[in-house]
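K.L.:
Structure supplied as final.txt; contents: compact mmCIF, C-alpha atoms.
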# COMPACT_ATOMS: atom_id res chain seq x y z
CA MET A 671 3.70 25.01 -22.17
CA ARG A 672 1.18 22.52 -20.82
CA LEU A 673 2.11 20.61 -17.69
CA PRO A 674 0.27 17.91 -15.69
CA ILE A 675 -0.39 19.31 -12.21
CA MET A 676 -0.88 17.72 -8.80
CA PRO A 677 -2.50 20.28 -6.47
CA LEU A 678 -1.39 19.28 -2.96
CA ASN A 679 -1.69 20.35 0.66
CA GLY A 680 2.04 20.95 0.65
CA VAL A 681 4.73 23.17 -0.86
CA HIS A 682 7.83 21.92 -2.65
CA TYR A 683 10.96 23.82 -3.65
CA PRO A 684 13.54 23.73 -6.46
CA TRP A 685 16.55 21.46 -5.85
CA MET A 686 14.85 19.80 -2.88
CA PRO A 687 14.02 16.05 -2.80
CA ILE A 688 10.36 15.09 -3.04
CA VAL A 689 8.67 11.84 -1.99
CA LEU A 690 5.02 11.29 -2.93
CA SER A 691 2.51 8.49 -2.51
CA ILE A 692 0.15 8.42 -5.49
CA PHE A 693 -3.01 6.39 -5.11
CA GLU A 694 -5.89 8.31 -6.66
CA GLU A 695 -6.89 6.92 -10.05
CA ARG A 696 -6.48 10.19 -11.95
CA TYR A 697 -2.94 10.73 -10.65
CA VAL A 698 -1.97 7.12 -11.30
CA ALA A 699 -3.05 7.78 -14.90
CA MET A 700 -1.06 11.03 -14.88
CA LEU A 701 2.04 9.22 -13.64
CA ALA A 702 1.76 6.62 -16.39
CA ASP A 703 1.81 9.40 -19.00
CA VAL A 704 4.63 11.21 -17.20
CA LEU A 705 6.79 8.06 -17.11
CA ALA A 706 6.07 7.44 -20.78
CA GLY A 707 7.12 11.00 -21.60
CA ALA A 708 9.47 13.60 -20.18
CA HIS A 709 9.33 12.37 -16.55
CA VAL A 710 8.17 15.79 -15.34
CA PHE A 711 5.00 17.14 -13.78
CA GLY A 712 4.09 20.05 -11.54
CA THR A 713 3.03 20.39 -7.92
CA ALA A 714 1.30 23.42 -6.43
CA LEU A 715 -0.33 24.24 -3.13
CA ILE A 716 -4.13 24.05 -3.19
CA ALA A 717 -5.81 27.45 -2.96
CA GLU A 718 -9.38 26.12 -3.18
CA GLY A 719 -10.79 22.62 -3.29
CA ARG A 720 -9.62 19.26 -2.00
CA GLU A 721 -6.51 17.17 -2.50
CA VAL A 722 -8.50 13.96 -2.99
CA GLY A 723 -11.79 13.31 -4.75
CA GLY A 724 -12.56 16.58 -6.48
CA PRO A 725 -11.23 19.53 -8.50
CA ALA A 726 -8.78 21.90 -6.86
CA THR A 727 -7.52 25.37 -7.77
CA PRO A 728 -3.76 25.72 -7.24
CA HIS A 729 -1.86 28.77 -6.05
CA PRO A 730 -0.33 30.72 -8.95
CA VAL A 731 3.26 29.54 -8.43
CA GLY A 732 4.33 25.90 -8.26
CA VAL A 733 7.37 23.72 -8.87
CA GLU A 734 8.22 21.37 -11.71
CA VAL A 735 9.20 17.91 -10.45
CA MET A 736 11.61 15.56 -12.20
CA VAL A 737 10.84 11.91 -11.41
CA ALA A 738 13.99 10.06 -10.40
CA ARG A 739 12.35 6.78 -9.44
CA ALA A 740 8.82 5.39 -9.27
CA TRP A 741 7.55 1.97 -8.27
CA ASP A 742 4.15 0.43 -7.84
CA LEU A 743 2.99 -1.15 -4.58
CA PRO A 744 0.79 -4.21 -4.01
CA ASP A 745 -2.26 -2.06 -3.18
CA GLY A 746 -2.13 -0.38 -6.59
CA SER A 747 -0.60 2.87 -5.38
CA TRP A 748 2.76 4.28 -6.45
CA ARG A 749 5.70 5.71 -4.56
CA VAL A 750 7.53 8.49 -6.39
CA VAL A 751 10.93 9.95 -5.58
CA GLY A 752 11.85 13.10 -7.42
CA VAL A 753 13.54 16.47 -7.16
CA GLY A 754 12.17 19.97 -7.55
CA ARG A 755 13.43 21.77 -10.63
CA HIS A 756 12.08 25.13 -11.79
CA ARG A 757 9.33 27.37 -10.47
CA PHE A 758 6.45 27.96 -12.83
CA ALA A 759 3.48 30.32 -12.95
CA VAL A 760 0.03 28.91 -13.66
CA ASP A 761 -1.58 30.95 -16.42
CA GLU A 762 -4.69 28.80 -16.82
CA MET A 763 -6.07 25.40 -15.88
CA VAL A 764 -6.89 23.86 -19.26
CA ALA A 765 -8.17 20.42 -18.17
CA GLN A 766 -9.41 18.51 -15.14
CA GLU A 767 -10.00 15.17 -16.88
CA PRO A 768 -8.50 12.64 -16.95
CA TYR A 769 -6.20 14.63 -14.63
CA PRO A 770 -5.41 18.33 -14.06
CA VAL A 771 -3.35 20.07 -16.74
CA ALA A 772 -2.27 23.71 -16.65
CA GLU A 773 -0.85 26.17 -19.12
CA VAL A 774 2.32 27.34 -17.35
CA ARG A 775 5.25 29.60 -18.00
CA PHE A 776 8.78 29.61 -16.62
CA GLU A 777 9.80 32.98 -18.03
CA GLY A 778 10.28 35.71 -15.44
CA LEU A 779 10.79 33.27 -12.56
CA GLN A 780 14.54 32.78 -12.91
CA GLU A 781 16.49 33.42 -9.72
CA ALA A 782 18.68 36.51 -9.45
CA SER A 783 21.55 35.66 -7.07
CA ASN A 784 24.24 38.19 -7.95
CA ASP A 785 22.82 40.94 -5.72
CA VAL A 786 23.03 38.99 -2.43
CA PRO A 787 25.42 40.65 0.09
CA GLU A 788 28.11 38.35 1.46
CA ALA A 789 27.22 39.42 4.99
CA LEU A 790 23.64 38.19 4.51
CA LEU A 791 24.88 34.79 3.31
CA THR A 792 27.33 34.49 6.21
CA ASP A 793 24.74 35.43 8.83
CA LEU A 794 22.09 33.13 7.43
CA ARG A 795 24.42 30.15 7.03
CA GLY A 796 25.59 30.55 10.62
CA LEU A 797 22.04 30.66 11.97
CA PHE A 798 20.97 27.75 9.78
CA GLU A 799 23.88 25.58 10.92
CA GLU A 800 22.98 26.29 14.55
CA HIS A 801 19.31 25.62 13.81
CA LEU A 802 20.07 22.20 12.30
CA SER A 803 22.48 21.25 15.08
CA LEU A 804 19.99 22.17 17.81
CA LEU A 805 17.17 20.39 16.04
CA GLN A 806 19.18 17.21 15.67
CA ALA A 807 20.24 17.37 19.32
CA LEU A 808 16.64 17.85 20.49
CA LEU A 809 15.45 14.95 18.34
CA GLY A 810 18.32 12.76 19.50
CA THR A 811 19.48 12.08 15.96
CA PRO A 812 23.13 11.83 14.91
CA VAL A 813 24.64 15.09 13.72
CA ALA A 814 24.80 14.88 9.94
CA ASP A 815 26.49 17.04 7.36
CA LEU A 816 23.62 18.11 5.12
CA GLY A 817 25.89 19.90 2.68
CA ILE A 818 24.57 23.42 3.18
CA PRO A 819 25.04 25.16 -0.18
CA PHE A 820 26.80 28.47 -0.72
CA GLU A 821 24.85 29.41 -3.85
CA PRO A 822 22.17 31.89 -2.69
CA ALA A 823 19.11 30.46 -4.44
CA ARG A 824 19.88 26.87 -3.44
CA LEU A 825 20.55 27.98 0.12
CA SER A 826 17.28 29.91 0.26
CA TYR A 827 15.29 26.84 -0.80
CA MET A 828 17.05 24.49 1.61
CA VAL A 829 16.26 26.86 4.48
CA ALA A 830 12.66 27.20 3.30
CA ALA A 831 12.25 23.42 3.21
CA HIS A 832 13.50 23.04 6.81
CA LEU A 833 11.61 25.87 8.49
CA GLY A 834 8.71 24.85 10.71
CA ILE A 835 6.18 27.30 9.31
CA ASP A 836 2.61 27.00 8.04
CA MET A 837 1.85 26.20 4.41
CA LEU A 838 0.79 29.70 3.38
CA SER A 839 4.08 31.06 4.75
CA ARG A 840 5.94 28.36 2.81
CA GLN A 841 4.05 29.37 -0.32
CA ARG A 842 4.95 33.04 0.21
CA LEU A 843 8.63 32.07 0.36
CA LEU A 844 8.26 30.19 -2.93
CA GLU A 845 6.66 33.21 -4.58
CA ILE A 846 9.33 35.76 -3.55
CA PRO A 847 10.93 36.79 -6.87
CA GLY A 848 14.62 36.51 -5.99
CA ALA A 849 17.04 34.84 -3.62
CA ARG A 850 17.96 38.03 -1.78
CA GLY A 851 14.39 38.82 -0.74
CA ARG A 852 13.80 35.21 0.29
CA LEU A 853 17.00 35.08 2.36
CA GLU A 854 16.14 38.34 4.11
CA VAL A 855 12.75 36.98 5.16
CA GLU A 856 14.29 33.67 6.20
CA LEU A 857 16.89 35.40 8.35
CA GLU A 858 14.14 36.80 10.55
CA LEU A 859 12.23 33.51 10.56
CA LEU A 860 15.37 31.63 11.62
CA LYS A 861 16.03 34.09 14.44
CA ALA A 862 12.51 33.52 15.79
CA ASP A 863 12.74 29.74 15.38
CA LEU A 864 16.18 29.61 16.99
CA ALA A 865 14.94 31.50 20.05
CA LYS A 866 12.39 28.72 20.61
CA LEU A 867 14.91 25.93 19.97
CA ARG A 868 17.41 27.46 22.38
CA LEU A 869 14.70 27.61 25.05
CA PHE A 870 13.73 23.98 24.46
CA ALA A 871 17.39 22.93 24.59
CA ALA A 872 17.90 24.79 27.87
CA VAL A 873 15.01 23.01 29.61
CA LYS A 874 15.36 19.57 27.99
CA PRO A 875 15.83 16.90 30.68
CA SER A 876 19.17 15.16 30.63
CA ASP A 877 19.30 11.52 29.55
CA PRO A 878 18.99 9.45 32.79
CA SER A 879 21.06 6.68 31.21
CA ARG A 880 24.05 9.00 31.30
CA ASN A 881 23.79 9.69 35.04
Let's see the structure in the file written out as structure tokens.
P.N.:
Amino acid sequence: MRLPIMPLNGVHYPWMPIVLSIFEERYVAMLADVLAGAHVFGTALIAEGREVGGPATPHPVGVEVMVARAWDLPDGSWRVVGVGRHRFAVDEMVAQEPYPVAEVRFEGLQEASNDVPEALLTDLRGLFEEHLSLLQALLGTPVADLGIPFEPARLSYMVAAHLGIDMLSRQRLLEIPGARGRLEVELELLKADLAKLRLFAAVKPSDPSRN
């Protein structure tokens, strides 16, 4: 199928919330068509080119976005709140004007979650809960229940969205075929990230107001 595409300097994931500011004329035009139609478009990390002012070649795997809410601002830009839905593969860019459009396919990118060992899920959930708690403590934000999912694919994407890794690493996580492979990679990434957070927490100065 053909899908309007926004190549971005960022990576989004299925089931994860997405907030975008749209100000470039071509993407404002794209949004108008999206809102008049199925309320869906695609985002993909830029492989070559620029996010603003010129053509860009996206990475081969992106995410379909369902628009939940969109409103225009006084300066002519738009704020869009949506949620990631399905991964897609870009087969071909078929247009750049008036905005980028790609021929995409969803077949072959469905998540396989029935081969994930329970021990892997338990280990990863435990590390992720500690990661979030430490991060919130270091930032001084109230501890919140983020509703960590049990379903393997959803869990893998929530972890991916929260990891502090570079964009190419985030893209590699998106492109891993199934939840098990993604969770296995994330387990090692979480271990490395947690080691840093534990060190920061150990040396963080106490709040003088509590002394």
K.L.:
As an exercise, work out the distance from CA of Phe758 in chain A to CA of Met828 in chain A in Å and give it to one decimal place.
P.N.:
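Atom-to-atom, CA of Phe758 in chain A to CA of Met828 in chain A, that is 18.2 Å.
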K.L.:
Pick the closest to Asp785 in chain A from A:Leu809, A:Val750, A:Val764, A:Ala849: which is it, counting only C-alpha atoms?
P.N.:
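When distances to Asp785 in chain A are compared using only C-alpha atoms, the smallest one comes from A:Ala849.
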K.L.:
Considering only C-alpha atoms, return as a list in words whatever protein or nucleic-acid residues lie within 7 Å of Met671 in chain A, sequence-local ones (same chain, fewer than 2 positions apart) excluded.
P.N.:
Leu673, Glu773, Val774 and Arg775 of chain A
K.L.:
What's the 12 Å shell around Ala726 in chain A, counting all atoms listed in the file, without same-chain residues fewer than 3 positions away, as a PyMOL selection string?
P.N.:
chain A and resi 675-679+713-723+729+763+765-766+769-772
K.L.:
If we count all atoms listed in the file, what is near Ala789 in chain A at a cut-off of 12 Å, once residues fewer than 2 positions away on the same chain are taken out, given as a list in words?
P.N.:
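The contact residues come out as Asp785, Val786, Pro787, Leu791, Thr792, Asp793, Leu794, Arg795, Gly796, Pro822, Arg850, Leu853, Glu854 and Leu857 of chain A.
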K.L.:
Kindly save the residues from that selection, with C-alpha atoms included, as a compact mmCIF listing (two decimals), keeping the file's coordinate frame.
P.N.:
# COMPACT_ATOMS: atom_id res chain seq x y z
CA ASP A 785 22.82 40.94 -5.72
CA VAL A 786 23.03 38.99 -2.43
CA PRO A 787 25.42 40.65 0.09
CA LEU A 791 24.88 34.79 3.31
CA THR A 792 27.33 34.49 6.21
CA ASP A 793 24.74 35.43 8.83
CA LEU A 794 22.09 33.13 7.43
CA ARG A 795 24.42 30.15 7.03
CA GLY A 796 25.59 30.55 10.62
CA PRO A 822 22.17 31.89 -2.69
CA ARG A 850 17.96 38.03 -1.78
CA LEU A 853 17.00 35.08 2.36
CA GLU A 854 16.14 38.34 4.11
CA LEU A 857 16.89 35.40 8.35
K.L.:
For CA of Pro744 in chain A and CA of Ser691 in chain A, quote the distance in Å rounded to one decimal.
P.N.:
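Interatomic distance, CA of Pro744 in chain A to CA of Ser691 in chain A: 12.9 Å.
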K.L.:
With distances taken over only C-alpha atoms, which of A:Ser826, A:Ser747, A:Gln841, A:Val735 is nearest to Arg696 in chain A?
P.N.:
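Closest to Arg696 in chain A, using only C-alpha atoms: A:Ser747.
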K.L.:
When you look at Leu743 in chain A with a cut-off of 10 Å (counting all atoms listed in the file), what residues show up, excluding the ones that are within fewer than 5 positions of it in the same chain? I need them as a ChimeraX atom specification.
P.N.:
/A:691,693,748-749
K.L.:
Please produce a file of the residues just selected, as an mmCIF file, in the frame of the given file, where the atoms kept are C-alpha atoms.
P.N.:
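Saved the output as again.cif:
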data_model
loop_
_atom_site.group_PDB
_atom_site.id
_atom_site.type_symbol
_atom_site.label_atom_id
_atom_site.label_comp_id
_atom_site.auth_asym_id
_atom_site.auth_seq_id
_atom_site.Cartn_x
_atom_site.Cartn_y
_atom_site.Cartn_z
ATOM 1 C CA SER A 691 2.510 8.490 -2.510
ATOM 2 C CA PHE A 693 -3.010 6.390 -5.110
ATOM 3 C CA TRP A 748 2.760 4.280 -6.450
ATOM 4 C CA ARG A 749 5.700 5.710 -4.560
#
